[in-house]
file structure.tsv (TSV, C-alpha atoms)
chain	number	residue	atom	x	y	z
A	85	MET	CA	140.21	75.95	127.05
A	86	THR	CA	139.58	75.50	130.78
A	87	THR	CA	136.14	74.81	132.21
A	88	VAL	CA	136.02	78.29	133.73
A	89	ALA	CA	136.94	79.90	130.40
A	90	ARG	CA	134.31	77.89	128.53
A	91	THR	CA	131.67	78.89	131.07
A	92	ALA	CA	132.61	82.55	130.74
A	93	ALA	CA	132.50	82.40	126.95
A	94	ALA	CA	129.08	80.74	127.02
A	95	ALA	CA	127.77	83.39	129.38
A	96	GLN	CA	128.99	86.13	127.06
A	97	ALA	CA	127.33	84.53	124.04
A	98	ALA	CA	124.02	83.89	125.82
A	99	PRO	CA	121.13	86.31	125.34
A	100	VAL	CA	120.70	88.89	128.08
A	101	SER	CA	118.28	87.81	130.83
A	102	THR	CA	116.89	91.28	131.49
A	103	THR	CA	115.48	93.84	129.08
A	104	VAL	CA	118.18	96.37	128.12
A	105	PHE	CA	116.04	99.46	127.68
A	106	PRO	CA	118.85	101.94	126.82
A	107	ILE	CA	119.75	99.87	123.76
A	108	LEU	CA	116.10	99.36	122.78
A	109	PHE	CA	115.44	103.10	123.01
A	110	ALA	CA	118.64	103.83	121.06
A	111	ILE	CA	117.68	101.63	118.11
A	112	SER	CA	114.12	102.93	118.30
A	113	ILE	CA	115.43	106.49	117.97
A	114	VAL	CA	117.56	105.49	114.98
A	115	HIS	CA	114.52	103.74	113.51
A	116	LEU	CA	112.65	107.03	113.93
A	117	LEU	CA	115.45	108.95	112.20
A	118	ASN	CA	115.81	106.33	109.43
A	119	ASP	CA	112.12	106.14	108.62
A	120	SER	CA	111.67	109.91	108.79
A	121	MET	CA	114.31	110.08	106.04
A	122	GLN	CA	112.54	107.31	104.12
A	123	SER	CA	109.23	109.15	104.47
A	124	THR	CA	110.65	112.17	102.66
A	125	VAL	CA	110.13	110.14	99.48
A	126	THR	CA	106.36	109.73	99.87
A	127	ALA	CA	106.12	113.21	101.39
A	128	LEU	CA	107.51	114.62	98.15
A	129	PHE	CA	104.96	112.84	95.93
A	130	PRO	CA	102.50	115.76	95.67
A	131	ILE	CA	105.41	118.14	95.00
A	132	LEU	CA	107.04	115.90	92.39
A	133	ARG	CA	103.75	115.18	90.63
A	134	ASP	CA	103.36	118.88	89.88
A	135	SER	CA	107.01	119.91	89.35
A	136	LEU	CA	107.97	116.95	87.12
A	137	SER	CA	104.48	116.15	85.74
A	138	LEU	CA	104.63	112.55	86.95
A	139	SER	CA	101.87	110.02	86.41
A	140	TYR	CA	100.53	107.84	89.20
A	141	THR	CA	102.42	104.92	87.65
A	142	GLN	CA	105.71	106.83	87.86
A	143	ILE	CA	104.96	107.76	91.46
A	144	GLY	CA	104.36	104.09	92.15
A	145	PHE	CA	107.71	103.22	90.53
A	146	ILE	CA	109.56	105.63	92.83
A	147	ALA	CA	108.16	103.79	95.86
A	148	PHE	CA	108.80	100.48	94.11
A	149	ALA	CA	112.49	101.25	93.41
A	150	MET	CA	113.21	102.02	97.06
A	151	ASN	CA	111.13	99.20	98.50
A	152	ILE	CA	112.12	96.41	96.12
A	153	THR	CA	115.81	97.17	96.73
A	154	ALA	CA	115.25	96.79	100.46
A	155	SER	CA	113.05	93.74	99.89
A	156	ILE	CA	115.65	91.79	97.92
A	157	LEU	CA	118.65	92.73	100.04
A	158	GLN	CA	117.23	92.39	103.56
A	159	PRO	CA	116.99	88.56	103.66
A	160	ILE	CA	120.53	88.42	102.23
A	161	VAL	CA	121.85	90.80	104.88
A	162	GLY	CA	119.96	88.93	107.61
A	163	THR	CA	121.27	85.52	106.53
A	164	TYR	CA	124.84	86.82	106.33
A	165	ALA	CA	124.50	88.31	109.83
A	166	ASP	CA	123.32	84.94	111.20
A	167	ILE	CA	126.41	83.27	109.74
A	168	ARG	CA	128.88	86.03	110.56
A	169	PRO	CA	127.59	88.85	112.81
A	170	ARG	CA	128.97	92.27	111.82
A	171	PRO	CA	128.01	94.90	114.44
A	172	TYR	CA	129.66	97.82	112.67
A	173	ILE	CA	127.51	97.36	109.57
A	174	LEU	CA	124.83	99.30	111.52
A	175	PRO	CA	126.28	102.82	110.98
A	176	ILE	CA	127.21	101.90	107.40
A	177	GLY	CA	123.52	101.33	106.63
A	178	VAL	CA	122.61	104.86	107.70
A	179	GLY	CA	125.53	106.09	105.58
A	180	PHE	CA	123.82	104.75	102.43
A	181	THR	CA	120.65	106.59	103.44
A	182	LEU	CA	122.69	109.79	103.80
A	183	VAL	CA	123.93	109.41	100.21
A	184	GLY	CA	120.34	108.90	99.04
A	185	ILE	CA	119.13	111.98	100.89
A	186	VAL	CA	121.71	114.24	99.26
A	187	ALA	CA	120.97	112.78	95.81
A	188	LEU	CA	117.21	113.17	96.29
A	189	ALA	CA	117.54	116.82	97.25
A	190	LEU	CA	119.55	117.55	94.10
A	191	ALA	CA	117.85	115.17	91.63
A	192	PRO	CA	116.83	117.02	88.42
A	193	ASN	CA	114.73	114.29	86.82
A	194	PHE	CA	112.81	111.06	87.29
A	195	ALA	CA	115.80	108.77	86.56
A	196	THR	CA	118.01	110.46	89.16
A	197	ILE	CA	115.24	110.22	91.72
A	198	LEU	CA	115.11	106.46	91.11
A	199	LEU	CA	118.86	106.19	91.77
A	200	ALA	CA	118.54	108.27	94.95
A	201	VAL	CA	115.74	106.17	96.42
A	202	THR	CA	117.62	102.99	95.48
A	203	ALA	CA	120.50	104.14	97.69
A	204	MET	CA	117.99	104.76	100.49
A	205	GLY	CA	116.62	101.25	99.92
A	206	ILE	CA	120.11	99.81	100.41
A	207	GLY	CA	120.37	101.75	103.67
A	208	SER	CA	117.10	100.25	104.91
A	209	ALA	CA	118.17	96.77	103.82
A	210	ILE	CA	121.22	97.00	106.07
A	211	PHE	CA	119.49	98.78	108.93
A	212	HIS	CA	116.33	96.74	109.57
A	213	PRO	CA	117.44	93.08	109.96
A	214	GLU	CA	120.50	93.88	112.07
A	215	SER	CA	118.63	96.37	114.27
A	216	SER	CA	115.80	93.87	114.74
A	217	ARG	CA	118.43	91.34	115.82
A	218	VAL	CA	119.70	93.87	118.37
A	219	ALA	CA	116.12	94.24	119.68
A	220	TYR	CA	115.92	90.45	120.03
A	221	LEU	CA	119.23	90.32	121.92
A	222	ALA	CA	118.23	93.19	124.24
A	223	ALA	CA	114.69	91.90	124.85
A	224	GLY	CA	115.27	89.49	127.72
A	225	ALA	CA	111.95	87.72	128.25
A	226	ARG	CA	109.86	90.58	126.80
A	227	ARG	CA	110.25	90.03	123.08
A	228	GLY	CA	106.91	91.48	122.08
A	229	LEU	CA	107.58	94.68	124.00
A	230	ALA	CA	111.14	94.91	122.62
A	231	GLN	CA	110.01	94.61	118.99
A	232	SER	CA	107.25	97.15	119.62
A	233	ILE	CA	109.72	99.65	121.11
A	234	PHE	CA	111.99	99.14	118.09
A	235	GLN	CA	109.22	99.42	115.52
A	236	VAL	CA	107.28	102.28	117.09
A	237	GLY	CA	110.28	104.50	116.38
A	238	GLY	CA	109.92	103.69	112.70
A	239	ASN	CA	106.19	104.37	112.78
A	240	ILE	CA	106.72	107.75	114.41
A	241	GLY	CA	109.36	108.58	111.82
A	242	SER	CA	107.03	107.61	108.99
A	243	SER	CA	104.24	109.72	110.49
A	244	LEU	CA	106.40	112.83	110.13
A	245	GLY	CA	106.24	112.64	106.33
A	246	PRO	CA	102.91	114.46	105.91
A	247	ILE	CA	103.96	117.19	108.33
A	248	MET	CA	107.17	117.62	106.35
A	249	THR	CA	105.12	118.09	103.18
A	250	ALA	CA	102.90	120.75	104.72
A	251	VAL	CA	105.61	122.60	106.69
A	252	LEU	CA	108.83	122.02	104.74
A	253	PHE	CA	108.36	120.81	101.17
A	254	VAL	CA	105.42	122.99	100.10
A	255	PRO	CA	107.33	126.23	100.88
A	256	LEU	CA	110.90	124.98	100.11
A	257	GLY	CA	110.28	122.36	97.44
A	258	GLN	CA	112.42	119.31	96.72
A	259	PHE	CA	115.68	120.90	97.93
A	260	GLY	CA	114.27	121.02	101.48
A	261	VAL	CA	115.28	117.35	101.78
A	262	ILE	CA	118.90	118.49	102.22
A	263	TRP	CA	118.18	119.36	105.87
A	264	PHE	CA	117.90	115.64	106.60
A	265	THR	CA	121.65	115.22	106.21
A	266	PHE	CA	121.88	116.31	109.86
A	267	VAL	CA	119.34	113.62	110.78
A	268	ALA	CA	121.47	111.00	109.00
A	269	LEU	CA	124.62	112.10	110.82
A	270	ALA	CA	122.84	111.79	114.18
A	271	GLY	CA	121.69	108.29	113.20
A	272	ILE	CA	125.23	107.22	112.32
A	273	ALA	CA	126.51	108.40	115.72
A	274	ILE	CA	123.83	106.49	117.66
A	275	GLN	CA	124.32	103.34	115.60
A	276	TYR	CA	128.03	103.42	116.43
A	277	TYR	CA	127.07	103.36	120.14
A	278	VAL	CA	124.66	100.45	119.54
A	279	ALA	CA	127.29	98.57	117.52
A	280	ARG	CA	129.74	98.75	120.43
A	281	TRP	CA	127.16	97.12	122.76
A	282	TYR	CA	126.29	94.56	120.09
A	283	LYS	CA	129.95	93.60	119.68
A	284	ARG	CA	130.32	93.01	123.43
A	285	GLN	CA	127.58	90.34	123.32
A	286	ASN	CA	129.87	87.95	121.39
A	287	VAL	CA	126.94	86.47	119.49
A	288	ALA	CA	127.73	82.96	118.27
A	289	PRO	CA	127.38	82.48	114.48
A	290	ARG	CA	124.66	80.16	113.27
A	291	SER	CA	127.17	77.74	111.81
A	292	SER	CA	128.25	76.79	115.35
A	293	THR	CA	124.79	75.59	116.34
A	294	LYS	CA	123.23	72.21	115.65
A	295	ARG	CA	120.89	72.00	112.68
A	296	ASN	CA	118.02	69.62	112.21
A	297	GLY	CA	118.03	67.28	109.25
A	298	PRO	CA	115.33	67.20	106.59
A	299	GLY	CA	111.99	65.87	107.83
A	300	GLU	CA	112.91	66.01	111.52
A	301	ARG	CA	110.59	67.48	114.10
A	302	ILE	CA	111.78	70.75	115.61
A	303	GLY	CA	110.48	70.91	119.16
A	304	ALA	CA	106.68	70.61	119.30
A	305	LEU	CA	106.17	71.25	115.57
A	306	SER	CA	107.08	69.30	112.45
A	307	ARG	CA	108.97	71.00	109.65
A	308	PHE	CA	105.77	70.99	107.54
A	309	GLN	CA	103.86	72.78	110.32
A	310	ILE	CA	106.59	75.41	110.59
A	311	VAL	CA	106.65	76.01	106.82
A	312	SER	CA	102.84	76.23	106.75
A	313	ALA	CA	102.89	78.77	109.59
A	314	ILE	CA	105.50	80.90	107.79
A	315	VAL	CA	103.38	80.85	104.60
A	316	ILE	CA	100.34	82.03	106.57
A	317	LEU	CA	102.41	84.82	108.14
A	318	VAL	CA	103.52	85.88	104.64
A	319	PHE	CA	99.87	86.18	103.54
A	320	LEU	CA	99.14	88.28	106.63
A	321	VAL	CA	102.08	90.57	105.87
A	322	PHE	CA	100.75	90.86	102.30
A	323	SER	CA	97.29	91.93	103.44
A	324	LYS	CA	98.68	94.45	105.92
A	325	HIS	CA	101.30	96.15	103.78
A	326	VAL	CA	99.43	96.35	100.50
A	327	TYR	CA	96.57	98.02	102.37
A	328	MET	CA	99.06	100.30	104.13
A	329	SER	CA	100.56	101.13	100.73
A	330	SER	CA	97.14	102.15	99.40
A	331	ILE	CA	96.83	104.64	102.25
A	332	THR	CA	100.38	106.02	102.43
A	333	SER	CA	100.80	106.42	98.66
A	334	PHE	CA	97.30	107.35	97.47
A	335	TYR	CA	95.03	108.44	100.34
A	336	THR	CA	96.14	112.07	100.06
A	337	PHE	CA	95.33	112.07	96.33
A	338	TYR	CA	91.93	110.52	97.16
A	339	LEU	CA	91.19	113.34	99.60
A	340	ILE	CA	92.41	116.01	97.16
A	341	ASP	CA	90.54	114.66	94.13
A	342	ASP	CA	87.32	113.39	95.73
A	343	TYR	CA	86.85	115.78	98.65
A	344	GLY	CA	88.52	118.87	97.21
A	345	VAL	CA	90.86	119.49	100.16
A	346	THR	CA	94.23	121.22	99.85
A	347	VAL	CA	97.57	119.40	99.83
A	348	GLU	CA	98.33	120.65	103.35
A	349	HIS	CA	94.91	119.54	104.66
A	350	ALA	CA	95.22	116.11	103.05
A	351	GLN	CA	98.64	115.63	104.65
A	352	LEU	CA	97.15	116.23	108.10
A	353	PHE	CA	94.74	113.32	107.54
A	354	LEU	CA	97.63	111.08	106.53
A	355	PHE	CA	99.59	112.27	109.57
A	356	ALA	CA	96.70	111.25	111.83
A	357	PHE	CA	96.66	107.80	110.22
A	358	LEU	CA	100.42	107.34	110.71
A	359	VAL	CA	100.32	108.52	114.34
A	360	ALA	CA	97.59	105.94	114.93
A	361	THR	CA	99.82	103.23	113.41
A	362	ALA	CA	102.62	104.24	115.78
A	363	ALA	CA	100.29	103.96	118.77
A	364	GLY	CA	99.00	100.59	117.58
A	365	THR	CA	102.53	99.27	117.13
A	366	PHE	CA	103.47	100.28	120.67
A	367	PHE	CA	100.48	98.59	122.29
A	368	GLY	CA	100.55	95.46	120.11
A	369	GLY	CA	103.71	93.92	121.57
A	370	PRO	CA	102.82	94.16	125.28
A	371	LEU	CA	99.30	92.90	124.55
A	372	ALA	CA	100.77	89.90	122.71
A	373	ASP	CA	103.12	89.17	125.63
A	374	ARG	CA	100.06	89.06	127.88
A	375	PHE	CA	97.26	87.58	125.74
A	376	GLY	CA	99.18	85.51	123.19
A	377	ARG	CA	100.75	86.32	119.85
A	378	ARG	CA	98.31	84.39	117.66
A	379	ASN	CA	95.28	85.99	119.33
A	380	ILE	CA	96.52	89.53	118.76
A	381	ILE	CA	97.68	88.81	115.18
A	382	TRP	CA	94.31	87.63	113.92
A	383	LEU	CA	92.38	90.22	115.92
A	384	SER	CA	94.62	92.99	114.57
A	385	ILE	CA	94.35	92.21	110.87
A	386	LEU	CA	90.80	90.86	110.68
A	387	GLY	CA	89.61	93.54	113.11
A	388	THR	CA	90.66	96.22	110.61
A	389	ALA	CA	88.09	95.07	108.02
A	390	PRO	CA	85.00	96.91	109.38
A	391	PHE	CA	86.87	100.22	109.29
A	392	SER	CA	88.57	99.71	105.92
A	393	ILE	CA	85.39	98.55	104.17
A	394	ALA	CA	83.35	101.51	105.45
A	395	LEU	CA	86.05	104.13	104.73
A	396	PRO	CA	85.45	104.71	100.96
A	397	TYR	CA	81.73	105.42	101.56
A	398	ALA	CA	82.11	107.90	104.43
A	399	ASP	CA	82.07	111.71	104.34
A	400	LEU	CA	85.27	113.67	104.98
A	401	PHE	CA	85.02	113.66	108.77
A	402	TRP	CA	84.17	109.99	109.13
A	403	SER	CA	86.73	109.06	106.48
A	404	GLY	CA	89.38	110.52	108.79
A	405	VAL	CA	87.98	108.74	111.85
A	406	LEU	CA	87.79	105.38	110.08
A	407	CYS	CA	91.28	105.80	108.66
A	408	VAL	CA	92.71	106.43	112.14
A	409	CYS	CA	90.88	103.40	113.57
A	410	ALA	CA	92.11	101.19	110.72
A	411	GLY	CA	95.69	102.35	111.24
A	412	PHE	CA	95.63	101.74	114.99
A	413	VAL	CA	94.17	98.23	114.79
A	414	LEU	CA	96.14	97.04	111.76
A	415	SER	CA	99.58	98.25	112.90
A	416	SER	CA	99.60	96.23	116.11
A	417	ALA	CA	100.28	93.03	114.14
A	418	PHE	CA	103.67	93.41	112.47
A	419	SER	CA	106.02	93.41	115.48
A	420	ILE	CA	104.18	90.35	116.78
A	421	ILE	CA	104.45	88.57	113.42
A	422	VAL	CA	108.23	89.10	113.47
A	423	VAL	CA	108.59	87.74	117.03
A	424	TYR	CA	106.28	84.79	116.25
A	425	ALA	CA	108.38	83.89	113.19
A	426	GLN	CA	111.64	84.26	115.17
A	427	GLU	CA	110.32	81.74	117.68
A	428	LEU	CA	109.35	79.36	114.87
A	429	LEU	CA	112.91	79.50	113.49
A	430	PRO	CA	115.31	79.91	116.43
A	431	GLY	CA	118.90	80.55	115.43
A	432	ASN	CA	117.75	82.41	112.31
A	433	VAL	CA	116.89	85.77	113.86
A	434	GLY	CA	118.62	87.78	111.12
A	435	LEU	CA	117.10	85.74	108.30
A	436	VAL	CA	113.59	86.01	109.75
A	437	SER	CA	113.93	89.73	110.39
A	438	GLY	CA	115.32	90.34	106.92
A	439	LEU	CA	112.68	88.16	105.29
A	440	PHE	CA	109.71	89.83	106.94
A	441	PHE	CA	111.03	93.38	106.76
A	442	GLY	CA	111.97	92.63	103.15
A	443	LEU	CA	108.49	91.33	102.44
A	444	ALA	CA	106.99	94.42	104.05
A	445	PHE	CA	109.07	96.72	101.85
A	446	GLY	CA	108.69	94.62	98.70
A	447	LEU	CA	104.95	94.12	98.96
A	448	GLY	CA	104.50	97.78	99.78
A	449	GLY	CA	106.56	98.82	96.76
A	450	LEU	CA	104.96	96.33	94.40
A	451	GLY	CA	101.56	97.37	95.70
A	452	SER	CA	102.38	101.01	94.91
A	453	VAL	CA	103.20	100.17	91.29
A	454	VAL	CA	100.19	97.92	90.72
A	455	LEU	CA	97.80	100.27	92.50
A	456	GLY	CA	99.24	103.25	90.61
A	457	TRP	CA	98.68	101.47	87.30
A	458	ILE	CA	95.09	100.60	88.30
A	459	ALA	CA	94.50	104.19	89.45
A	460	ASP	CA	95.63	105.54	86.07
A	461	ALA	CA	93.24	103.13	84.36
A	462	THR	CA	90.30	103.71	86.73
A	463	SER	CA	90.37	106.17	89.63
A	464	ILE	CA	91.83	106.68	93.11
A	465	ALA	CA	88.36	106.06	94.60
A	466	TYR	CA	88.34	102.61	92.98
A	467	ILE	CA	91.69	101.83	94.65
A	468	MET	CA	90.25	102.69	98.06
A	469	LYS	CA	87.30	100.36	97.49
A	470	LEU	CA	89.43	97.55	96.05
A	471	CYS	CA	91.94	97.47	98.91
A	472	ALA	CA	89.30	97.77	101.61
A	473	TYR	CA	88.77	93.98	101.61
A	474	LEU	CA	92.42	92.96	102.09
A	475	PRO	CA	92.21	92.82	105.92
A	476	LEU	CA	89.70	89.96	105.60
A	477	LEU	CA	92.74	87.72	105.00
A	478	GLY	CA	93.37	88.07	108.73
A	479	VAL	CA	91.07	85.08	109.26
A	480	LEU	CA	94.03	82.88	108.19
A	481	ALA	CA	95.74	83.60	111.52
A	482	ILE	CA	93.36	81.17	113.21
A	483	LEU	CA	95.31	78.38	111.46
A	484	LEU	CA	98.58	79.33	113.17
A	485	PRO	CA	99.95	76.99	115.91
A	486	LYS	CA	99.33	78.07	119.48
A	487	ASP	CA	102.01	80.22	121.05
A	488	ARG	CA	103.39	77.53	123.37
A	489	LYS	CA	104.10	75.23	120.41
A	490	ALA	CA	105.72	78.07	118.45
A	491	GLU	CA	108.03	78.90	121.36
A	492	ALA	CA	108.95	75.23	121.72
A	493	ALA	CA	109.86	75.00	118.03

call {"tool": "encode", "arguments": {"input": "structure.tsv", "output": "structure tokens"}}
result
Amino acid sequence: MTTVARTAAAAQAAPVSTTVFPILFAISIVHLLNDSMQSTVTALFPILRDSLSLSYTQIGFIAFAMNITASILQPIVGTYADIRPRPYILPIGVGFTLVGIVALALAPNFATILLAVTAMGIGSAIFHPESSRVAYLAAGARRGLAQSIFQVGGNIGSSLGPIMTAVLFVPLGQFGVIWFTFVALAGIAIQYYVARWYKRQNVAPRSSTKRNGPGERIGALSRFQIVSAIVILVFLVFSKHVYMSSITSFYTFYLIDDYGVTVEHAQLFLFAFLVATAAGTFFGGPLADRFGRRNIIWLSILGTAPFSIALPYADLFWSGVLCVCAGFVLSSAFSIIVVYAQELLPGNVGLVSGLFFGLAFGLGGLGSVVLGWIADATSIAYIMKLCAYLPLLGVLAILLPKDRKAEAA
């Protein structure tokens, strides 16, 4: 190969130097569509509890089946994409979600519902790590902002679940999910457009890059420091997503049972919480780009504790206010955690994305099962009080390396 040809190939494989907003907005829109389809599962919980006489434990298992599938598969998909990038896997992921949507709309029993949500979990496992990699490639120098744009789409999509319950599923029932086949088809079309851009980047596989041997220092950090930082980030993801699971899966039941509100009214409270998480996600990335990733991570998670601890003891109005505040503050952390971990492990963007999105799904699903079992044995109010202290784990973020060292890793 000539010198000119090698230079051209290197330029094609290099990350873009400017932020490619059309691609970021495209994957954010697909994230919105994908997570709105995922949120049909939790949106159906009040309907399924009555129509199929499900226990809280069974409800928790529905969330667990979808989330644990995504949790296990996402690191595998991410690692494979690092070794051998496959742009056109993006629309295939939404195709699995389409299959799950159709099956969920027609499912006659608990077992079929589990199969349907498992297919949706496979769709998420394919979608999230590769789309997060696209956000990384299109970010330029604004990685925090890029991840926030990508993830805010998902938060907005998730926030539509309660509205769907009140407007769509209460009057139409479970079969109303069938309308989301059109959403899935739109997502497949957009992902095909994104995949074409992704293919043109000629991303080099990880196997072509130099790897450090065991025990070597990687930039400013030793391997032990990097592993310790990843473990801390895992604990932070645990605290965030188990608390989020307690709200998304059980807060509506808490409002219905303890405050006597209707299903529709309870869903509006959950909608307010999810809108607040979308807003927090959007602002978290730019703030981290400006004030430092570590600073915003620990402030986000630990700063949620005053609101979460006070929430179970408030009246209906202040319960809603505190829930919104907790959602806004807590949600600003996750996109930053992903970017921070990507900088700790350069060359492993897919693995990191798959690992942390997988952890988010897995911990959320496992939390739903465990919390559902505890709720059956005690009460929903006890769950709210128990989970209120999880954000205190945010203090661990102080132990993370400073941003400059993480970037140099």

call {"tool": "atom_distance", "arguments": {"input": "structure.tsv", "atom1": "atom CA of Ser330 of chain A", "atom2": "atom CA of Cys471 of chain A"}}
result
7.0 Å

call {"tool": "closest_atom_pairs", "arguments": {"input": "structure.tsv", "of": "segment 117-177 of chain A", "to": "segment 207-231 of chain A", "cutoff": "6 Å", "atoms": "all atoms listed in the file", "output": "tab-separated table"}}
result
residue	atom	partner	partner_atom	distance
A:Ala154	CA	A:Ala209	CA	4.5
A:Leu157	CA	A:Ala209	CA	5.6
A:Gln158	CA	A:Ala209	CA	4.5
A:Gly162	CA	A:Pro213	CA	5.4
A:Leu174	CA	A:Phe211	CA	6.0
A:Gly177	CA	A:Gly207	CA	4.3

call {"tool": "closest_residue", "arguments": {"input": "structure.tsv", "among": "A:Thr163, A:Asn193, A:Ser123, A:Ser323", "to": "Val261 of chain A", "atoms": "all atoms listed in the file"}}
result
A:Ser123

call {"tool": "residues_around", "arguments": {"input": "structure.tsv", "residues": "Val479 of chain A", "least_positions_apart": "3", "cutoff": "10 Å", "atoms": "only C-alpha atoms", "output": "ChimeraX atom specification"}}
result
/A:320,381-383,385-387,475-476,482-483

call {"tool": "write_last_selection", "arguments": {"input": "structure.tsv", "atoms": "C-alpha atoms", "output": "PDB file, in the frame of the given file"}}
result
ATOM      1  CA  LEU A 320      99.140  88.280 106.630  1.00  0.00           C
ATOM      2  CA  ILE A 381      97.680  88.810 115.180  1.00  0.00           C
ATOM      3  CA  TRP A 382      94.310  87.630 113.920  1.00  0.00           C
ATOM      4  CA  LEU A 383      92.380  90.220 115.920  1.00  0.00           C
ATOM      5  CA  ILE A 385      94.350  92.210 110.870  1.00  0.00           C
ATOM      6  CA  LEU A 386      90.800  90.860 110.680  1.00  0.00           C
ATOM      7  CA  GLY A 387      89.610  93.540 113.110  1.00  0.00           C
ATOM      8  CA  PRO A 475      92.210  92.820 105.920  1.00  0.00           C
ATOM      9  CA  LEU A 476      89.700  89.960 105.600  1.00  0.00           C
ATOM     10  CA  ILE A 482      93.360  81.170 113.210  1.00  0.00           C
ATOM     11  CA  LEU A 483      95.310  78.380 111.460  1.00  0.00           C
TER      12      LEU A 483
END

call {"tool": "closest_atom_pairs", "arguments": {"input": "structure.tsv", "of": "segment 94-188 of chain A", "to": "segment 197-203 of chain A", "cutoff": "9 Å", "atoms": "only C-alpha atoms", "output": "JSON lines"}}
result
{"residue": "A:Gln122", "atom": "CA", "partner": "A:Val201", "partner_atom": "CA", "distance": 8.4}
{"residue": "A:Val125", "atom": "CA", "partner": "A:Val201", "partner_atom": "CA", "distance": 7.5}
{"residue": "A:Phe145", "atom": "CA", "partner": "A:Leu198", "partner_atom": "CA", "distance": 8.1}
{"residue": "A:Ile146", "atom": "CA", "partner": "A:Leu198", "partner_atom": "CA", "distance": 5.9}
{"residue": "A:Ala147", "atom": "CA", "partner": "A:Val201", "partner_atom": "CA", "distance": 8.0}
{"residue": "A:Ala149", "atom": "CA", "partner": "A:Thr202", "partner_atom": "CA", "distance": 5.8}
{"residue": "A:Met150", "atom": "CA", "partner": "A:Thr202", "partner_atom": "CA", "distance": 4.8}
{"residue": "A:Asn151", "atom": "CA", "partner": "A:Thr202", "partner_atom": "CA", "distance": 8.1}
{"residue": "A:Ile152", "atom": "CA", "partner": "A:Thr202", "partner_atom": "CA", "distance": 8.6}
{"residue": "A:Thr153", "atom": "CA", "partner": "A:Thr202", "partner_atom": "CA", "distance": 6.2}
{"residue": "A:Ala154", "atom": "CA", "partner": "A:Thr202", "partner_atom": "CA", "distance": 8.3}
{"residue": "A:Phe180", "atom": "CA", "partner": "A:Ala203", "partner_atom": "CA", "distance": 5.8}
{"residue": "A:Thr181", "atom": "CA", "partner": "A:Ala203", "partner_atom": "CA", "distance": 6.3}
{"residue": "A:Leu182", "atom": "CA", "partner": "A:Ala203", "partner_atom": "CA", "distance": 8.6}
{"residue": "A:Val183", "atom": "CA", "partner": "A:Ala203", "partner_atom": "CA", "distance": 6.8}
{"residue": "A:Gly184", "atom": "CA", "partner": "A:Ala200", "partner_atom": "CA", "distance": 4.5}
{"residue": "A:Ile185", "atom": "CA", "partner": "A:Ala200", "partner_atom": "CA", "distance": 7.0}
{"residue": "A:Val186", "atom": "CA", "partner": "A:Ala200", "partner_atom": "CA", "distance": 8.0}
{"residue": "A:Ala187", "atom": "CA", "partner": "A:Ala200", "partner_atom": "CA", "distance": 5.2}
{"residue": "A:Leu188", "atom": "CA", "partner": "A:Ala200", "partner_atom": "CA", "distance": 5.3}
